[in-house]
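*Asks:* My file is final_35.txt. It has compact mmCIF, C-alpha atoms and all ligand atoms:
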```txt
# COMPACT_ATOMS: atom_id res chain seq x y z
CA MET A 1 15.73 45.13 49.33
CA GLU A 2 18.26 47.91 49.22
CA ALA A 3 16.77 51.39 48.99
CA GLU A 4 17.48 53.36 45.81
CA GLU A 5 19.27 56.13 47.66
CA HIS A 6 21.83 53.66 48.91
CA HIS A 7 23.24 53.10 45.49
CA ARG A 8 26.56 54.79 44.95
CA TYR A 9 26.62 56.26 41.48
CA ALA A 10 29.68 57.11 39.46
CA VAL A 11 29.53 59.73 36.72
CA VAL A 12 32.38 59.94 34.24
CA ILE A 13 32.30 63.05 32.07
CA ALA A 14 33.82 62.66 28.65
CA GLY A 15 32.14 65.20 26.35
CA GLY A 16 35.23 67.33 25.73
CA ARG A 17 37.05 67.66 22.41
CA SER A 18 40.57 66.77 23.61
CA THR A 19 42.00 69.70 21.64
CA ARG A 20 45.26 69.80 23.60
CA PHE A 21 45.65 66.10 23.11
CA GLY A 22 45.56 66.08 19.32
CA ASP A 23 43.31 64.53 16.73
CA ARG A 24 41.97 61.60 18.73
CA ASP A 25 39.56 61.37 21.64
CA LYS A 26 41.62 61.05 24.82
CA ALA A 27 38.69 59.29 26.52
CA VAL A 28 39.28 56.13 24.52
CA ALA A 29 43.00 56.47 23.82
CA PRO A 30 44.71 53.29 25.03
CA LEU A 31 46.79 54.12 28.10
CA ALA A 32 49.27 51.27 28.61
CA GLY A 33 46.87 49.05 26.68
CA THR A 34 43.58 50.09 28.34
CA PRO A 35 41.33 52.94 27.10
CA MET A 36 41.71 55.84 29.53
CA ILE A 37 37.99 55.96 30.36
CA ARG A 38 38.07 52.24 31.15
CA ARG A 39 40.95 52.81 33.55
CA VAL A 40 38.90 55.50 35.30
CA ALA A 41 35.80 53.26 35.41
CA ASP A 42 37.83 50.33 36.73
CA ARG A 43 39.20 52.50 39.55
CA LEU A 44 35.58 53.15 40.58
CA LEU A 45 34.42 49.57 40.52
CA ASP A 46 34.51 48.87 44.25
CA ALA A 47 33.57 52.31 45.53
CA THR A 48 30.46 52.66 43.31
CA ASP A 49 27.82 50.29 41.99
CA ARG A 50 26.24 52.08 38.99
CA LEU A 51 27.93 54.09 36.27
CA VAL A 52 26.63 57.00 34.18
CA VAL A 53 28.78 58.13 31.28
CA ASN A 54 28.33 61.63 29.87
CA CYS A 55 29.52 62.11 26.30
CA ARG A 56 28.41 63.36 22.90
CA PRO A 57 26.32 61.01 20.74
CA ASP A 58 29.19 60.60 18.26
CA GLN A 59 31.49 59.30 21.03
CA ARG A 60 29.12 56.72 22.37
CA ASP A 61 29.98 53.65 20.28
CA ALA A 62 33.70 53.94 20.94
CA ILE A 63 33.13 54.52 24.66
CA ALA A 64 30.67 51.63 24.92
CA ASN A 65 33.28 49.47 23.26
CA ALA A 66 35.90 50.61 25.78
CA LEU A 67 33.49 49.76 28.62
CA ASP A 68 32.51 46.39 27.19
CA SER A 69 31.70 43.86 29.97
CA TYR A 70 32.06 46.45 32.72
CA PRO A 71 30.76 44.61 35.78
CA ASN A 72 28.47 47.38 37.11
CA PRO A 73 25.35 48.55 35.23
CA VAL A 74 26.10 51.43 32.83
CA GLN A 75 23.84 54.14 31.41
CA TYR A 76 24.70 56.93 28.99
CA ALA A 77 23.71 60.58 29.41
CA GLU A 78 24.40 62.21 26.07
CA ASP A 79 24.92 65.94 25.57
CA GLU A 80 21.98 67.48 23.73
CA ASP A 81 24.04 70.61 23.14
CA PRO A 82 27.72 69.78 22.86
CA ASP A 83 30.62 72.02 23.85
CA LEU A 84 28.94 73.76 26.77
CA GLY A 85 31.90 72.87 28.97
CA PRO A 86 32.56 70.55 31.91
CA MET A 87 29.81 72.06 34.09
CA ALA A 88 27.24 71.11 31.48
CA GLY A 89 28.76 67.64 31.39
CA ILE A 90 28.38 67.33 35.15
CA ARG A 91 24.78 68.58 34.87
CA THR A 92 23.88 66.10 32.13
CA GLY A 93 25.57 63.20 33.89
CA LEU A 94 23.76 64.02 37.12
CA ARG A 95 20.42 64.21 35.28
CA GLY A 96 21.18 60.67 34.21
CA VAL A 97 21.70 59.71 37.84
CA GLU A 98 18.50 61.49 38.83
CA GLY A 99 16.55 59.56 36.20
CA TRP A 100 17.97 56.30 37.51
CA GLY A 101 17.99 56.79 41.28
CA GLY A 102 15.99 59.93 42.01
CA PRO A 103 17.06 63.46 42.97
CA ASP A 104 18.60 62.49 46.30
CA ALA A 105 20.96 59.92 44.80
CA LEU A 106 24.62 60.60 45.54
CA ALA A 107 27.14 60.45 42.74
CA PHE A 108 30.87 60.66 42.53
CA VAL A 109 31.76 62.70 39.45
CA VAL A 110 35.12 62.36 37.76
CA ALA A 111 36.64 63.42 34.45
CA CYS A 112 37.56 60.76 31.90
CA ASP A 113 41.16 61.98 31.95
CA MET A 114 41.92 61.22 35.63
CA PRO A 115 43.21 57.64 35.40
CA PHE A 116 44.77 57.63 38.88
CA VAL A 117 41.58 58.52 40.78
CA GLU A 118 41.85 56.94 44.23
CA PRO A 119 38.97 54.72 45.37
CA SER A 120 39.62 55.41 49.07
CA LEU A 121 39.10 59.11 48.41
CA VAL A 122 35.90 58.31 46.50
CA GLU A 123 34.56 56.52 49.55
CA TYR A 124 35.66 59.33 51.84
CA LEU A 125 33.92 61.95 49.67
CA PHE A 126 30.71 59.90 49.74
CA ASP A 127 30.95 59.79 53.54
CA ARG A 128 31.54 63.55 53.77
CA ALA A 129 28.65 64.29 51.39
CA ALA A 130 26.14 62.37 53.52
CA ASP A 131 23.52 64.84 54.82
CA HIS A 132 24.86 67.50 52.44
CA ASP A 133 24.54 68.31 48.72
CA ALA A 134 28.20 67.99 47.84
CA ALA A 135 31.70 67.24 49.07
CA VAL A 136 34.38 68.91 46.99
CA PRO A 137 38.16 68.78 47.40
CA ARG A 138 39.99 72.11 47.42
CA LEU A 139 43.66 72.39 46.55
CA ASP A 140 46.00 75.07 47.92
CA ASP A 141 43.08 76.76 49.73
CA GLU A 142 41.65 78.04 46.47
CA TRP A 143 41.18 75.58 43.64
CA PHE A 144 37.96 73.55 43.86
CA GLN A 145 38.38 70.16 42.26
CA THR A 146 34.83 70.05 40.87
CA THR A 147 35.60 67.25 38.43
CA GLN A 148 36.52 64.89 41.24
CA ALA A 149 33.79 65.36 43.81
CA ALA A 150 30.61 63.88 45.26
CA TYR A 151 27.25 65.52 44.51
CA ARG A 152 23.57 64.95 45.25
CA ALA A 153 22.14 64.55 41.77
CA GLY A 154 19.05 66.77 41.72
CA PRO A 155 20.32 69.80 43.66
CA MET A 156 23.64 69.96 41.80
CA ALA A 157 22.03 69.47 38.38
CA ASP A 158 19.54 72.26 39.20
CA ALA A 159 22.36 74.52 40.37
CA CYS A 160 24.30 73.84 37.16
CA ASP A 161 21.21 74.66 35.09
CA ASP A 162 20.84 77.96 36.96
CA ALA A 163 24.50 78.81 36.46
CA LEU A 164 24.38 77.93 32.77
CA ALA A 165 21.19 79.98 32.30
CA ALA A 166 22.88 82.92 34.02
CA GLY A 167 25.83 82.60 31.67
CA GLU A 168 28.02 81.85 34.67
CA GLY A 169 30.92 79.98 33.15
CA LYS A 170 32.92 79.39 36.33
CA ILE A 171 32.66 75.76 37.25
CA ILE A 172 32.44 76.57 40.95
CA ALA A 173 29.38 78.85 40.60
CA PRO A 174 26.80 76.07 41.18
CA LEU A 175 28.47 75.08 44.44
CA PHE A 176 27.57 78.31 46.13
CA GLU A 177 23.87 77.48 45.75
CA LEU A 178 24.36 74.22 47.62
CA ASP A 179 25.01 72.94 51.11
CA TYR A 180 28.54 71.82 50.28
CA VAL A 181 31.41 70.47 52.32
CA VAL A 182 34.98 71.43 51.46
CA VAL A 183 37.63 68.74 51.76
CA GLU A 184 40.97 70.52 52.00
CA ASP A 185 43.93 68.91 50.29
CA ASP A 186 45.69 67.82 53.48
CA GLU A 187 42.53 65.95 54.44
CA ALA A 188 42.13 64.43 50.96
CA LEU A 189 45.77 63.38 50.93
CA GLU A 190 45.18 61.19 53.98
CA TYR A 191 43.27 58.94 51.58
CA ALA A 192 45.08 59.45 48.29
CA ASP A 193 48.32 60.70 46.87
CA GLU A 194 48.47 63.70 44.55
CA SER A 195 48.17 61.58 41.44
CA THR A 196 44.45 61.19 42.18
CA PHE A 197 43.94 64.76 40.92
CA GLU A 198 46.23 64.45 37.92
CA ASN A 199 44.47 65.02 34.61
CA ILE A 200 45.89 64.13 31.25
CA ASN A 201 45.67 66.91 28.67
CA THR A 202 48.56 66.40 26.26
CA GLU A 203 50.32 63.53 24.51
CA GLU A 204 53.36 64.28 26.68
CA GLU A 205 51.34 63.85 29.88
CA PHE A 206 49.79 60.70 28.44
CA GLU A 207 53.19 59.21 27.64
CA ALA A 208 54.50 60.10 31.11
CA ALA A 209 51.50 58.35 32.69
CA GLU A 210 52.05 55.37 30.43
CA ARG A 211 55.66 55.03 31.59
CA ARG A 212 54.55 55.05 35.22
CA LEU A 213 51.95 52.39 34.56
CA GLY A 214 54.70 50.31 32.97
N1 LIG A 301 29.95 67.15 28.31
C1 LIG A 301 31.03 67.92 28.19
N2 LIG A 301 32.18 67.57 28.84
C2 LIG A 301 33.27 68.36 28.65
C3 LIG A 301 33.26 69.51 27.85
N3 LIG A 301 34.49 70.08 27.88
C4 LIG A 301 35.24 69.30 28.67
N4 LIG A 301 34.52 68.25 29.14
C5 LIG A 301 34.99 67.20 30.03
O1 LIG A 301 35.50 67.81 31.18
C6 LIG A 301 36.69 67.17 31.61
C7 LIG A 301 37.84 68.15 31.70
O2 LIG A 301 37.96 68.81 30.47
P1 LIG A 301 39.32 69.06 29.70
O3 LIG A 301 40.49 68.52 30.42
O4 LIG A 301 39.35 70.48 29.27
O5 LIG A 301 39.10 68.10 28.41
P2 LIG A 301 38.81 68.52 26.95
O6 LIG A 301 37.95 69.73 26.90
O7 LIG A 301 38.34 67.30 26.24
O8 LIG A 301 40.26 68.86 26.40
P3 LIG A 301 40.79 70.25 25.78
O9 LIG A 301 40.06 70.42 24.48
O10 LIG A 301 42.25 70.02 25.59
O11 LIG A 301 40.45 71.31 26.77
C8 LIG A 301 36.93 66.04 30.61
O12 LIG A 301 36.41 64.88 31.19
C9 LIG A 301 36.14 66.44 29.41
O13 LIG A 301 35.66 65.33 28.67
C10 LIG A 301 32.03 69.85 27.18
O14 LIG A 301 31.93 70.86 26.45
N5 LIG A 301 30.95 69.02 27.39
MG MG A 302 38.60 71.60 27.75
```
Could you quickly redo this structure as structure tokens?

*Replies:*
Amino acid sequence: MEAEEHHRYAVVIAGGRSTRFGDRDKAVAPLAGTPMIRRVADRLLDATDRLVVNCRPDQRDAIANALDSYPNPVQYAEDEDPDLGPMAGIRTGLRGVEGWGGPDALAFVVACDMPFVEPSLVEYLFDRAADHDAAVPRLDDEWFQTTQAAYRAGPMADACDDALAAGEGKIIAPLFELDYVVVEDDEALEYADESTFENINTEEEFEAAERRLG
């Protein structure tokens, strides 16, 4: 039987309010006919084998509907306190992973608004995170792409808790408590093109993505 730690978890964080997007939840907005979160989940289908979705309780029915018949097992990790930001979403999602696969389980975390996430990069980040606590892409030598990265569930969730308790809002703060590997953009772009890091914040960006998807 396969050992628990050999599962490859995906965490999609979706607990944001989509304020730049308008009056609907971008997570479930149909992007060229498919809810955006479903597009993200479908991109992860081959590179991961279990999915944890982080969202608020009031989002859950619509998201579950969007993920109907998803082939991999899905669990939900709901925000107890909403609006604590993406780092809290990562923390809560990773607690869900920890409850499912233990503290050493590895998870690829991605935001619900990154519909072009590249599966080959997901696999590469898992490989780079082996024997470490995290593998995080960095763009332009400075910008850590923490919402598209691989983390060991327990250590990263603990580090997020510490950062949140310290009132440390910067999403990179938890990293510095961990044994993390940086994947520079030139290295990441051997596996993906730049669209992997694209995130959709506005209706205009959504429509532009829709045109590309045809
Ligand atoms: N759980 C949780 N996730 C969040 C929170 N804020 C943002 N996120 C998620 O983090 C990712 C990136 O966030 P943003 O692009 O700012 O999304 P957003 O906050 O919904 O949108 P804006 O209101 O326009 O900033 C998305 O997947 C969001 O769902 C939060 O307070 N809690
Ligand atoms: Mg936001």

*Asks:* Using all atoms listed in the file, find the one residue out of A:Ala130, A:Ala64, A:Leu189, A:Ile200 that sits nearest to ligand LIG 301 (chain A).

*Replies:*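 Using all atoms listed in the file, the shortest distance to ligand LIG 301 (chain A) belongs to A:Ile200.
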
*Asks:* I'd like to know which of A:Ala111, A:Ala10, A:Val182, A:Ala149 is closest to Asp46 in chain A, using only C-alpha atoms.

*Replies:*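 For Asp46 in chain A, the nearest of the candidates is A:Ala10.
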
*Asks:* Between A:Phe197, A:His6, A:Leu125, A:Ala14, which has the minimum distance to Asp83 in chain A (counting only C-alpha atoms)?

*Replies:*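 Selected residue with least distance to Asp83 in chain A: A:Ala14.
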
*Asks:* Using only C-alpha atoms and all ligand atoms, find each protein or nucleic acid residue lying at most 12 Å from ligand MG 302 (chain A); present the set as number ranges by chain.

*Replies:* A: 13-21, 25-26, 83-89, 111-113, 147, 171, 199-202

*Asks:* Which polymer residues, whether protein, DNA or RNA, lie within 7 Å of the coordinate (32.6, 61.8, 45.5) when you count only C-alpha atoms? List them as a ChimeraX atom specification, using the chain letters and numbers from the file.

*Replies:* /A:107-109,122-123,125-126,135,148-151

*Asks:* Which is closest to Val53 in chain A among A:Arg39, A:Asn72, A:Ala77, A:Glu118, if we use all atoms listed in the file?

*Replies:*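 Nearest candidate to Val53 in chain A out of A:Arg39, A:Asn72, A:Ala77, A:Glu118: A:Ala77.
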
*Asks:* Of the candidates A:Ala134, A:Val97, A:Ile37, A:Ala166, which one gets nearest to ligand LIG 301 (chain A) if we count all atoms listed in the file?

*Replies:*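 Distance minimum relative to ligand LIG 301 (chain A) lands on A:Ile37.
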
*Asks:* List the neighbours of Arg8 in chain A out to 7 Å using all atoms listed in the file; skip same-chain residues closer than 5 positions along the sequence, and give me the result as a PDB file with C-alpha atoms, keeping the file's coordinate frame.

*Replies:*
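Saved result, around.pdb, follows:
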```pdb
ATOM      1  CA  THR A  48      30.460  52.660  43.310  1.00  0.00           C
ATOM      2  CA  ASP A  49      27.820  50.290  41.990  1.00  0.00           C
ATOM      3  CA  ARG A  50      26.240  52.080  38.990  1.00  0.00           C
ATOM      4  CA  LEU A 106      24.620  60.600  45.540  1.00  0.00           C
ATOM      5  CA  ALA A 107      27.140  60.450  42.740  1.00  0.00           C
TER       6      ALA A 107
END
```

*Asks:* Please determine an axis-aligned box that encloses all atoms of ligand LIG 301 (chain A) listed in the file, with 5 Å added on each side, and express its centre and edge lengths in Å to one decimal as JSON.

*Replies:*
```
{"center_x": 36.1, "center_y": 68.1, "center_z": 28.1, "size_x": 22.3, "size_y": 16.4, "size_z": 17.2}
```

*Asks:* Quick one: pull the distance between CA of Leu139 in chain A and CA of Ile90 in chain A, Å, one decimal.

*Replies:*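 Interatomic distance, CA of Leu139 in chain A to CA of Ile90 in chain A: 19.7 Å.
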
*Asks:* Find the distance between CA of Val11 in chain A and CA of Leu94 in chain A and write it in Å to one decimal.

*Replies:*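 Value for the CA of Val11 in chain A-CA of Leu94 in chain A distance: 7.2 Å.
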
*Asks:* For Tyr124 in chain A, which residue among A:Asp179, A:Asp162, A:Asp140, A:Glu190 is the nearest when counting all atoms listed in the file?

*Replies:* A:Glu190

*Asks:* At what distance in Å, to one decimal, does CA of Glu78 in chain A lie from CA of Arg56 in chain A?

*Replies:*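 Straight-line distance from CA of Arg56 in chain A to CA of Glu78 in chain A works out to 5.2 Å.
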
*Asks:* Find the spatial neighbours of Asp158 in chain A, counting all atoms listed in the file, within a cut-off of 10 Å - ignore same-chain residues fewer than 4 positions away - and output them as a list of chain:residue names.

*Replies:*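 These residues fall inside the cut-off: A:Arg91, A:Leu94, A:Arg95, A:Pro103, A:Ala153, A:Gly154, A:Asp162, A:Ala163, A:Leu164, A:Pro174, A:Glu177, A:Leu178.
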